[in-house]
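Raw contents of model-v4.csv, CSV, C-alpha atoms:
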```csv
chain,number,residue,atom,x,y,z
H,1,MET,CA,130.4,209.8,251.1
H,2,GLY,CA,132.4,213.1,251.4
H,3,ALA,CA,135.7,211.3,250.9
H,4,SER,CA,134.5,209.5,247.9
H,5,LYS,CA,133.2,212.7,246.3
H,6,SER,CA,136.5,214.4,246.9
H,7,GLU,CA,138.3,211.3,245.4
H,8,GLU,CA,136.1,211.5,242.4
H,9,LEU,CA,136.8,215.2,241.9
H,10,GLU,CA,140.6,214.6,242.4
H,11,GLY,CA,140.3,211.9,239.7
H,12,VAL,CA,138.5,214.1,237.3
H,13,VAL,CA,140.9,217.0,237.8
H,14,ARG,CA,143.9,214.7,237.4
H,15,GLU,CA,142.3,213.3,234.2
H,16,PHE,CA,141.8,216.8,232.9
H,17,LEU,CA,145.3,218.0,233.7
H,18,GLU,CA,146.8,214.9,232.1
H,19,ALA,CA,144.7,215.4,228.9
H,20,MET,CA,145.7,219.1,228.7
H,21,GLY,CA,149.2,219.0,230.1
H,22,GLU,CA,151.4,221.2,228.1
H,23,GLY,CA,150.0,219.5,225.1
H,24,PRO,CA,149.2,221.0,221.7
H,25,LEU,CA,145.5,221.0,222.4
H,26,SER,CA,145.8,223.6,225.2
H,27,HIS,CA,145.3,226.3,222.5
H,28,PRO,CA,141.8,227.0,221.2
H,29,SER,CA,142.9,227.2,217.5
H,30,ARG,CA,144.7,223.9,217.7
H,31,LEU,CA,141.7,222.3,219.4
H,32,ALA,CA,139.4,223.7,216.6
H,33,ILE,CA,141.8,222.4,213.9
H,34,MET,CA,141.8,218.9,215.4
H,35,LEU,CA,138.0,219.0,215.7
H,36,ILE,CA,137.6,219.9,212.1
H,37,LEU,CA,140.1,217.3,210.9
H,38,VAL,CA,138.6,214.5,213.0
H,39,MET,CA,135.0,215.3,212.0
H,40,ARG,CA,135.6,216.1,208.3
H,41,GLY,CA,138.4,213.8,207.4
H,42,ARG,CA,140.9,215.2,204.9
H,43,THR,CA,140.8,218.9,204.6
H,44,THR,CA,142.9,221.3,202.5
H,45,PHE,CA,145.0,224.1,204.0
H,46,SER,CA,142.8,226.8,202.4
H,47,GLU,CA,139.6,225.1,203.6
H,48,LEU,CA,141.0,225.2,207.2
H,49,GLN,CA,142.0,228.8,206.7
H,50,GLN,CA,138.5,229.7,205.4
H,51,ILE,CA,136.7,227.9,208.3
H,52,LEU,CA,138.9,229.3,211.1
H,53,GLY,CA,139.6,232.7,209.7
H,54,LEU,CA,143.3,232.5,210.6
H,55,THR,CA,146.2,234.0,208.7
H,56,PRO,CA,148.3,231.5,206.6
H,57,GLY,CA,151.3,232.1,208.9
H,58,ASN,CA,149.3,231.5,212.1
H,59,LEU,CA,147.5,228.4,210.7
H,60,GLY,CA,150.8,227.1,209.4
H,61,SER,CA,152.5,227.3,212.7
H,62,HIS,CA,149.6,225.6,214.5
H,63,LEU,CA,149.6,222.8,212.0
H,64,GLU,CA,153.4,222.4,212.2
H,65,LYS,CA,153.1,222.0,216.0
H,66,LEU,CA,150.3,219.4,215.6
H,67,GLU,CA,152.3,217.6,213.0
H,68,ARG,CA,155.4,217.5,215.2
H,69,GLU,CA,153.4,215.9,218.0
H,70,GLY,CA,152.1,213.3,215.6
H,71,TYR,CA,148.5,214.5,215.8
H,72,VAL,CA,148.0,215.4,212.2
H,73,GLU,CA,149.7,214.3,208.9
H,74,LYS,CA,150.2,216.3,205.8
H,75,PHE,CA,149.9,214.8,202.3
H,76,ARG,CA,149.2,215.9,198.7
H,77,CYS,CA,145.7,215.3,197.5
H,78,LEU,CA,143.9,215.8,194.2
H,79,ARG,CA,141.1,218.4,194.3
H,80,GLY,CA,139.6,219.1,190.9
H,81,LEU,CA,142.5,219.2,188.6
H,82,ARG,CA,145.1,220.4,191.1
H,83,TYR,CA,147.2,218.8,193.7
H,84,LEU,CA,146.8,220.6,197.1
H,85,THR,CA,148.2,220.3,200.6
H,86,CYS,CA,145.8,218.3,202.7
H,87,TYR,CA,145.8,217.4,206.3
H,88,ARG,CA,144.1,214.6,208.3
H,89,SER,CA,144.1,213.6,211.9
H,90,THR,CA,146.1,210.6,213.0
H,91,ARG,CA,144.7,208.0,215.4
H,92,ARG,CA,146.9,209.5,218.2
H,93,GLY,CA,145.4,212.9,217.5
H,94,SER,CA,141.8,211.7,217.5
H,95,LEU,CA,142.3,209.9,220.8
H,96,ALA,CA,144.0,213.0,222.4
H,97,LEU,CA,141.0,215.2,221.2
H,98,GLY,CA,138.5,212.7,222.6
H,99,ARG,CA,140.4,212.7,226.0
H,100,VAL,CA,140.4,216.5,226.2
H,101,LEU,CA,136.7,216.8,225.3
H,102,ARG,CA,135.6,214.0,227.7
H,103,SER,CA,137.7,215.2,230.6
H,104,ALA,CA,136.6,218.8,230.1
H,105,SER,CA,132.9,217.7,230.0
H,106,ASN,CA,133.3,215.6,233.2
H,107,LEU,CA,135.0,218.5,235.0
H,108,TRP,CA,132.3,220.9,233.8
H,109,GLU,CA,129.6,218.5,235.1
H,110,ILE,CA,131.1,218.6,238.6
H,111,LEU,CA,131.6,222.3,238.6
H,112,SER,CA,128.1,223.2,237.3
H,113,ALA,CA,126.6,220.7,239.8
H,114,ALA,CA,128.4,222.6,242.6
H,115,GLU,CA,127.2,225.9,241.1
H,116,SER,CA,123.5,224.8,240.8
H,117,ALA,CA,123.6,223.5,244.4
H,118,GLY,CA,124.7,227.0,245.5
H,119,ARG,CA,128.2,225.8,246.5
H,120,ALA,CA,131.4,227.5,245.4
H,121,ALA,CA,133.3,225.6,242.8
H,122,PRO,CA,136.0,223.4,244.4
H,123,LYS,CA,139.2,225.4,244.4
H,124,GLU,CA,141.4,222.6,243.0
H,125,ALA,CA,139.1,222.2,240.0
H,126,GLU,CA,138.8,225.9,239.3
H,127,GLY,CA,142.6,226.2,239.7
H,128,ALA,CA,143.2,223.4,237.2
H,129,VAL,CA,140.9,225.0,234.7
H,130,ASN,CA,142.4,228.5,235.0
H,131,ARG,CA,145.9,227.2,234.7
H,132,SER,CA,145.0,225.4,231.5
H,133,TRP,CA,142.5,227.8,229.9
H,134,GLY,CA,142.6,231.0,231.9
H,135,SER,CA,144.4,233.0,229.3
H,136,SER,CA,142.6,235.7,227.3
H,137,THR,CA,142.1,233.2,224.4
H,138,SER,CA,138.5,232.3,224.0
H,139,TYR,CA,137.0,229.0,222.9
H,140,ARG,CA,133.6,230.4,222.3
H,141,ARG,CA,133.8,230.1,218.5
H,142,LEU,CA,134.1,226.3,218.8
K,1,MET,CA,132.7,233.1,236.2
K,2,THR,CA,136.4,233.2,235.3
K,3,GLU,CA,137.7,233.0,231.8
K,4,GLY,CA,138.9,229.5,232.4
K,5,LEU,CA,135.5,228.3,233.5
K,6,LYS,CA,133.8,230.0,230.5
K,7,ASN,CA,136.2,228.2,228.2
K,8,LEU,CA,135.6,224.9,230.0
K,9,LYS,CA,131.8,225.3,229.5
K,10,GLU,CA,132.3,225.9,225.8
K,11,ILE,CA,134.4,222.7,225.5
K,12,ALA,CA,131.8,220.7,227.4
K,13,LYS,CA,129.2,222.0,225.0
K,14,THR,CA,131.4,221.0,222.1
K,15,LEU,CA,131.4,217.4,223.3
K,16,GLU,CA,127.6,217.5,223.3
K,17,SER,CA,127.6,218.9,219.8
K,18,VAL,CA,129.9,216.1,218.7
K,19,ARG,CA,127.5,213.6,220.2
K,20,ARG,CA,124.6,215.1,218.4
K,21,TYR,CA,126.5,215.4,215.1
K,22,LEU,CA,127.4,211.7,215.3
K,23,SER,CA,123.8,210.7,215.9
K,24,TYR,CA,122.9,212.9,212.9
K,25,GLN,CA,125.5,211.2,210.8
K,26,ARG,CA,124.3,207.7,211.8
K,27,ILE,CA,120.7,208.5,210.9
K,28,MET,CA,121.7,210.2,207.7
K,29,ALA,CA,123.7,207.1,206.7
K,30,SER,CA,120.5,205.0,207.0
K,31,SER,CA,118.5,207.6,205.2
K,32,ARG,CA,121.0,207.6,202.3
K,33,LEU,CA,120.9,203.8,202.2
K,34,TYR,CA,117.2,203.8,201.8
K,35,ALA,CA,117.4,206.5,199.2
K,36,TRP,CA,120.0,204.6,197.2
K,37,TRP,CA,117.9,201.4,197.3
K,38,SER,CA,114.8,203.4,196.3
K,39,VAL,CA,116.6,204.7,193.1
K,40,ALA,CA,118.3,201.4,192.5
K,41,CYS,CA,115.0,199.6,192.6
K,42,LEU,CA,113.6,201.7,189.8
K,43,VAL,CA,116.7,201.8,187.7
K,44,GLY,CA,117.7,198.2,188.2
K,45,GLY,CA,114.0,197.2,187.6
K,46,ALA,CA,113.9,199.0,184.3
K,47,ILE,CA,117.2,197.5,183.2
K,48,SER,CA,116.0,194.0,184.2
K,49,LEU,CA,112.8,194.6,182.2
K,50,THR,CA,114.9,195.6,179.2
K,51,ILE,CA,117.1,192.5,179.5
K,52,GLY,CA,113.9,190.4,179.6
K,53,GLU,CA,112.8,192.0,176.3
K,54,LEU,CA,116.2,191.3,174.5
K,55,GLY,CA,115.2,187.7,173.6
K,56,LEU,CA,118.2,186.1,175.3
K,57,SER,CA,118.2,182.5,176.4
K,58,PRO,CA,116.6,182.0,179.8
K,59,ARG,CA,120.0,181.0,181.2
K,60,ALA,CA,121.7,184.2,179.8
K,61,GLU,CA,118.8,186.4,180.9
K,62,GLY,CA,118.8,185.0,184.5
K,63,THR,CA,122.6,185.3,184.8
K,64,SER,CA,122.6,188.9,183.5
K,65,ILE,CA,119.8,190.0,185.9
K,66,LEU,CA,121.5,188.2,188.8
K,67,LEU,CA,124.8,189.9,188.0
K,68,LEU,CA,123.1,193.3,187.8
K,69,TRP,CA,121.5,193.0,191.2
K,70,VAL,CA,124.6,191.6,192.9
K,71,THR,CA,126.6,194.5,191.5
K,72,ILE,CA,124.0,197.1,192.7
K,73,GLY,CA,123.8,195.4,196.1
K,74,THR,CA,127.5,195.2,196.6
K,75,LEU,CA,128.1,198.9,195.6
K,76,ILE,CA,125.3,200.2,197.9
K,77,THR,CA,126.2,197.9,200.9
K,78,ARG,CA,129.9,198.7,200.6
K,79,ALA,CA,129.2,202.4,200.6
K,80,TYR,CA,126.9,202.1,203.7
K,81,PHE,CA,129.3,199.9,205.6
K,82,SER,CA,132.3,202.2,204.9
K,83,GLU,CA,130.3,205.2,206.2
K,84,SER,CA,129.0,203.3,209.2
K,85,SER,CA,132.5,202.1,210.2
K,86,ARG,CA,133.8,205.6,209.9
K,87,ILE,CA,131.1,206.9,212.3
K,88,ALA,CA,131.6,204.0,214.7
K,89,GLU,CA,135.3,204.7,214.8
K,90,LEU,CA,134.7,208.4,215.5
K,91,ALA,CA,132.2,207.4,218.3
K,92,ARG,CA,134.8,205.0,219.8
K,93,THR,CA,137.7,207.5,219.8
K,94,LEU,CA,135.8,210.7,220.8
K,95,LEU,CA,133.0,209.4,223.0
K,96,GLU,CA,134.5,206.1,224.1
K,97,GLU,CA,131.3,204.3,222.9
K,98,LYS,CA,131.6,200.6,223.3
K,99,THR,CA,129.1,199.4,220.7
K,100,PRO,CA,130.1,196.0,219.4
K,101,SER,CA,129.8,197.1,215.8
K,102,GLU,CA,131.2,193.8,214.4
K,103,ARG,CA,128.6,191.8,216.3
K,104,VAL,CA,125.8,194.2,215.2
K,105,GLY,CA,126.9,193.9,211.5
K,106,LEU,CA,127.1,190.1,211.8
K,107,THR,CA,123.6,189.9,213.4
K,108,GLN,CA,122.2,192.1,210.7
K,109,GLY,CA,123.9,190.1,207.9
K,110,LEU,CA,122.6,186.9,209.4
K,111,GLY,CA,119.1,188.4,209.6
K,112,TRP,CA,119.2,189.3,205.9
K,113,ALA,CA,120.5,185.9,204.9
K,114,VAL,CA,117.7,184.2,206.7
K,115,SER,CA,115.1,186.6,205.2
K,116,PHE,CA,116.4,186.0,201.7
K,117,GLY,CA,116.5,182.3,202.3
K,118,LEU,CA,112.8,182.4,203.5
K,119,GLY,CA,111.7,184.8,200.8
K,120,CYS,CA,113.3,182.6,198.0
K,121,SER,CA,111.8,179.5,199.4
K,122,ALA,CA,108.3,181.1,199.7
K,123,GLY,CA,108.7,182.3,196.0
K,124,TRP,CA,109.6,178.8,194.9
K,125,VAL,CA,106.6,177.3,196.8
K,126,ALA,CA,104.3,180.0,195.3
K,127,ALA,CA,105.5,179.0,191.8
K,128,ARG,CA,104.9,175.3,192.5
K,129,ALA,CA,101.5,176.2,193.9
K,130,GLY,CA,100.6,177.7,190.5
K,131,LEU,CA,101.2,181.4,191.0
K,132,ARG,CA,102.2,182.8,187.5
K,133,GLY,CA,103.9,185.9,186.1
K,134,THR,CA,105.5,188.2,188.6
K,135,GLY,CA,103.7,186.5,191.5
K,136,PRO,CA,106.5,184.3,192.8
K,137,LEU,CA,109.0,187.2,192.5
K,138,ALA,CA,106.6,189.5,194.4
K,139,VAL,CA,106.2,186.9,197.2
K,140,ALA,CA,110.0,186.4,197.4
K,141,LEU,CA,110.9,190.1,197.4
K,142,CYS,CA,108.2,191.3,199.7
K,143,LEU,CA,108.9,188.6,202.2
K,144,ALA,CA,112.7,188.9,202.0
K,145,LEU,CA,112.7,192.7,202.2
K,146,GLY,CA,109.9,192.8,204.7
K,147,LEU,CA,111.4,190.3,207.1
K,148,GLY,CA,114.9,191.7,206.5
K,149,ASN,CA,113.9,195.2,207.6
K,150,ILE,CA,111.9,193.9,210.6
K,151,LEU,CA,114.9,191.7,211.7
K,152,THR,CA,117.3,194.7,211.2
K,153,TRP,CA,115.1,196.8,213.5
K,154,ALA,CA,114.9,193.9,216.1
K,155,SER,CA,118.7,193.5,216.1
K,156,LEU,CA,119.3,197.2,216.4
K,157,LYS,CA,116.8,197.3,219.3
K,158,ARG,CA,118.9,194.7,221.1
K,159,TYR,CA,122.1,196.7,220.9
K,160,PHE,CA,121.0,200.4,221.1
K,161,GLU,CA,118.9,202.3,223.6
K,162,ARG,CA,117.3,204.6,221.1
K,163,ILE,CA,116.5,203.4,217.6
K,164,THR,CA,114.4,204.7,214.8
K,165,PRO,CA,111.2,202.9,213.9
K,166,GLU,CA,111.6,203.2,210.1
K,167,PRO,CA,113.0,199.7,209.4
K,168,ALA,CA,110.0,198.1,211.2
K,169,VAL,CA,107.6,200.4,209.4
K,170,VAL,CA,109.2,199.6,206.0
K,171,GLY,CA,109.1,195.8,206.8
K,172,VAL,CA,105.4,195.8,207.8
K,173,SER,CA,104.4,198.0,204.8
K,174,LEU,CA,106.1,195.7,202.4
K,175,LEU,CA,104.5,192.6,203.9
K,176,ALA,CA,101.1,194.4,203.9
K,177,SER,CA,101.4,195.4,200.2
K,178,LEU,CA,101.9,191.8,199.0
K,179,PRO,CA,98.2,190.9,198.8
K,180,LEU,CA,97.6,194.1,196.9
K,181,ILE,CA,100.4,193.5,194.4
K,182,LEU,CA,99.2,189.9,193.9
K,183,SER,CA,95.7,191.1,193.1
K,184,ILE,CA,96.9,193.1,190.1
K,185,LYS,CA,96.3,191.5,186.8
K,186,GLY,CA,98.9,191.7,183.9
K,187,GLU,CA,102.5,190.6,184.3
K,188,VAL,CA,104.2,193.9,183.4
K,189,ILE,CA,101.7,196.0,185.4
K,190,GLN,CA,102.3,193.7,188.4
K,191,TYR,CA,106.0,194.0,188.0
K,192,LEU,CA,105.9,197.8,187.9
K,193,ALA,CA,103.6,197.9,190.9
K,194,LEU,CA,106.1,195.7,192.8
K,195,LEU,CA,109.0,198.0,191.9
K,196,LEU,CA,106.9,201.1,192.8
K,197,ALA,CA,105.8,199.7,196.1
K,198,ILE,CA,109.4,198.9,197.2
K,199,SER,CA,110.8,202.2,195.8
K,200,LEU,CA,108.1,204.4,197.4
K,201,THR,CA,108.3,202.7,200.8
K,202,TYR,CA,112.1,203.1,200.8
K,203,ALA,CA,111.8,206.7,199.6
K,204,GLY,CA,109.4,207.4,202.4
K,205,ALA,CA,111.7,205.9,205.0
K,206,SER,CA,114.6,207.9,203.6
K,207,ALA,CA,112.7,211.2,203.8
K,208,SER,CA,111.4,210.4,207.4
K,209,LEU,CA,115.0,209.5,208.5
K,210,ALA,CA,116.4,212.7,207.0
K,211,PHE,CA,113.8,214.7,208.8
K,212,ARG,CA,114.5,212.9,212.0
K,213,ALA,CA,118.3,213.5,211.5
K,214,ARG,CA,117.7,217.2,211.1
K,215,ARG,CA,115.7,217.3,214.3
K,216,VAL,CA,118.6,215.6,216.2
K,217,LEU,CA,121.1,218.0,214.7
K,218,LEU,CA,119.0,221.0,215.8
K,219,GLY,CA,118.8,219.6,219.3
K,220,GLY,CA,115.3,218.0,219.3
K,221,SER,CA,114.5,214.4,220.3
K,222,LYS,CA,116.6,211.5,219.1
```
Now, as a test, write the supplied structure out as structure tokens.
Amino acid sequence: MGASKSEELEGVVREFLEAMGEGPLSHPSRLAIMLILVMRGRTTFSELQQILGLTPGNLGSHLEKLEREGYVEKFRCLRGLRYLTCYRSTRRGSLALGRVLRSASNLWEILSAAESAGRAAPKEAEGAVNRSWGSSTSYRRL
Amino acid sequence: MTEGLKNLKEIAKTLESVRRYLSYQRIMASSRLYAWWSVACLVGGAISLTIGELGLSPRAEGTSILLLWVTIGTLITRAYFSESSRIAELARTLLEEKTPSERVGLTQGLGWAVSFGLGCSAGWVAARAGLRGTGPLAVALCLALGLGNILTWASLKRYFERITPEPAVVGVSLLASLPLILSIKGEVIQYLALLLAISLTYAGASASLAFRARRVLLGGSK
């Protein structure tokens, strides 16, 4: 039983690290951008800026990175009487976002179960989380 | 709790919010479908009534009314299916849901075809049996829409764990309202009562679903 629990945890941690890797979604702003694009569909640059409260330069560089990775695509769309720059998530981007959210949720379930049972969080799991998201950046506004 | 763990907790909560948002979207799509049909029933009914008063030949009148309803039906059903497939695709990619949406769609389509077949046959039998005025139409529509809604509910119950009861309630209400509609005297009044019964039942279902969707979004029961 103990061995199978540890194997399960190893699997979940591996899944989490694979989903995060050095990938573009390891930054909270990029994760938030993907979440908005996946849920809303096409969104203009200024709408993203308004929702996230990022400066144009900052938002532009995050979008550029996501575009380079093939997670989002940029196109011209007609809004009112004007053509604007719009973005939408690609299938690759949506799948990557789903992987990150699911693996994070699985890992959190294991860690919170350990916490509520009064056990310390397994070190390998906590280490994986801190390596990926331990910086000062916060995800709380998601 | 370390910063990493706090962040992990937020992301895990995000997945739960996504799940709730998709449930909300699913229920709202059904609510919008009922709302559109509720409005279409009144508008289409009024146009049909006007066509009937134009003095066209029975053939031209029948064709115009049929074309009108086929157009309305196609527009509303297409909008609903495009919205439903978008939500199903999101659930597949983000939540790895494995609902066989094609099979669900096919079962529902089949259910509606059978209901309309039965409704039209019952209307024809009612006309042969001597029912006059709007009577045969009321029999056909109440049976078709009533059975169609009940079969939709039954097919959803087969594929999903939690489903909303509104389609079953709409179906039973329409079947139950048939004797009342048939008891009304006067062709135009009977026709208006039929339209009102369908429209109000659908509007009620739409409002109830919208209320349910809001509760899901705010974290209440599904």
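Of note, CA of Gly53 in chain H and CA of Arg40 in chain H are spaced 17.1 Å apart.
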If you count all atoms listed in the file, which residues fall within 7 Å of range 43-53 of chain K, apart from same-chain ones fewer than 3 positions away, as a compact mmCIF listing (two decimals) with C-alpha atoms, keeping the file's coordinate frame?
```
# COMPACT_ATOMS: atom_id res chain seq x y z
CA VAL K 39 116.60 204.70 193.10
CA ALA K 40 118.30 201.40 192.50
CA GLU K 61 118.80 186.40 180.90
CA ILE K 65 119.80 190.00 185.90
CA LEU K 195 109.00 198.00 191.90
```
Would you give me, as an MDAnalysis selection string, the residues of chain K that come within 12 Å of chain H, using all atoms listed in the file? chainID K and resid 1:19 21:22 25 83 86:87 89:97
Could you list as number ranges by chain every residue that has an atom within 12 Å of (103.2, 196.9, 200.7), using the file's coordinates and counting all atoms listed in the file? K: 138-139, 141-143, 145-146, 169-182, 193-202
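The spacing separating CA of Arg20 in chain K from CA of Thr152 in chain K amounts to 22.8 Å.
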Just give me the gap between CA of Trp153 in chain K and CA of Gly111 in chain K in Å, one decimal is fine.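 Between CA of Trp153 in chain K and CA of Gly111 in chain K the gap works out to 10.1 Å.
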Please write as an NGL selection string the list of polymer residues whose atoms come within 10 Å of (142.1, 223.8, 202.4), counting all atoms listed in the file and keeping to the coordinates of the file. :H and (42-51 or 79 or 84-87)
Take the residues just selected and output them with C-alpha atoms as a PDB file, in the coordinates of the input.
```pdb
ATOM      1  CA  ARG H  42     140.900 215.200 204.900  1.00  0.00           C
ATOM      2  CA  THR H  43     140.800 218.900 204.600  1.00  0.00           C
ATOM      3  CA  THR H  44     142.900 221.300 202.500  1.00  0.00           C
ATOM      4  CA  PHE H  45     145.000 224.100 204.000  1.00  0.00           C
ATOM      5  CA  SER H  46     142.800 226.800 202.400  1.00  0.00           C
ATOM      6  CA  GLU H  47     139.600 225.100 203.600  1.00  0.00           C
ATOM      7  CA  LEU H  48     141.000 225.200 207.200  1.00  0.00           C
ATOM      8  CA  GLN H  49     142.000 228.800 206.700  1.00  0.00           C
ATOM      9  CA  GLN H  50     138.500 229.700 205.400  1.00  0.00           C
ATOM     10  CA  ILE H  51     136.700 227.900 208.300  1.00  0.00           C
ATOM     11  CA  ARG H  79     141.100 218.400 194.300  1.00  0.00           C
ATOM     12  CA  LEU H  84     146.800 220.600 197.100  1.00  0.00           C
ATOM     13  CA  THR H  85     148.200 220.300 200.600  1.00  0.00           C
ATOM     14  CA  CYS H  86     145.800 218.300 202.700  1.00  0.00           C
ATOM     15  CA  TYR H  87     145.800 217.400 206.300  1.00  0.00           C
TER      16      TYR H  87
END
```
Surrounding residues of Val13 in chain H excluding itself and chain neighbours under 2 positions, 8 Å, all atoms listed in the file, as a list of chain:residue names: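 Final neighbour list, sorted by chain and number: H:Leu9, H:Glu10, H:Gly11, H:Glu15, H:Phe16, H:Leu17, H:Leu107, H:Glu124, H:Ala125, H:Ala128.
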Please complete range 174-195 of chain K so it has N, CA and C atoms, and hand it over as a short mmCIF file (atom, residue, chain, number, x, y, z; two decimals), in the coordinates of the input.
```cif
data_model
loop_
_atom_site.label_atom_id
_atom_site.label_comp_id
_atom_site.auth_asym_id
_atom_site.auth_seq_id
_atom_site.Cartn_x
_atom_site.Cartn_y
_atom_site.Cartn_z
N LEU K 174 105.85 196.55 203.50
CA LEU K 174 106.10 195.70 202.40
C LEU K 174 105.33 194.36 202.48
N LEU K 175 105.25 193.83 203.69
CA LEU K 175 104.50 192.60 203.90
C LEU K 175 102.99 192.85 203.61
N ALA K 176 102.53 194.03 204.07
CA ALA K 176 101.10 194.40 203.90
C ALA K 176 100.76 194.61 202.44
N SER K 177 101.76 195.07 201.64
CA SER K 177 101.40 195.40 200.20
C SER K 177 101.41 194.16 199.34
N LEU K 178 101.89 193.02 199.86
CA LEU K 178 101.90 191.80 199.00
C LEU K 178 100.58 191.37 198.47
N PRO K 179 99.52 191.28 199.32
CA PRO K 179 98.20 190.90 198.80
C PRO K 179 97.72 191.82 197.67
N LEU K 180 97.99 193.12 197.87
CA LEU K 180 97.60 194.10 196.90
C LEU K 180 98.28 193.90 195.56
N ILE K 181 99.60 193.66 195.63
CA ILE K 181 100.40 193.50 194.40
C ILE K 181 99.91 192.18 193.69
N LEU K 182 99.64 191.13 194.47
CA LEU K 182 99.20 189.90 193.90
C LEU K 182 97.84 189.97 193.23
N SER K 183 97.05 190.94 193.69
CA SER K 183 95.70 191.10 193.10
C SER K 183 95.68 191.80 191.79
N ILE K 184 96.82 192.38 191.42
CA ILE K 184 96.90 193.10 190.10
C ILE K 184 97.01 192.15 188.98
N LYS K 185 96.26 192.39 187.94
CA LYS K 185 96.30 191.50 186.80
C LYS K 185 97.29 192.10 185.72
N GLY K 186 97.93 191.22 184.98
CA GLY K 186 98.90 191.70 183.90
C GLY K 186 100.28 191.64 184.48
N GLU K 187 101.16 190.87 183.79
CA GLU K 187 102.50 190.60 184.30
C GLU K 187 103.34 191.89 184.46
N VAL K 188 103.35 192.72 183.39
CA VAL K 188 104.20 193.90 183.40
C VAL K 188 103.68 194.92 184.44
N ILE K 189 102.36 195.09 184.49
CA ILE K 189 101.70 196.00 185.40
C ILE K 189 102.07 195.58 186.87
N GLN K 190 101.97 194.27 187.09
CA GLN K 190 102.30 193.70 188.40
C GLN K 190 103.74 193.96 188.80
N TYR K 191 104.60 193.75 187.81
CA TYR K 191 106.00 194.00 188.00
C TYR K 191 106.32 195.44 188.36
N LEU K 192 105.69 196.34 187.61
CA LEU K 192 105.90 197.80 187.90
C LEU K 192 105.33 198.16 189.24
N ALA K 193 104.18 197.56 189.60
CA ALA K 193 103.60 197.90 190.90
C ALA K 193 104.51 197.39 192.03
N LEU K 194 105.15 196.24 191.82
CA LEU K 194 106.10 195.70 192.80
C LEU K 194 107.26 196.68 193.01
N LEU K 195 107.83 197.12 191.86
CA LEU K 195 109.00 198.00 191.90
C LEU K 195 108.57 199.35 192.60
#
```
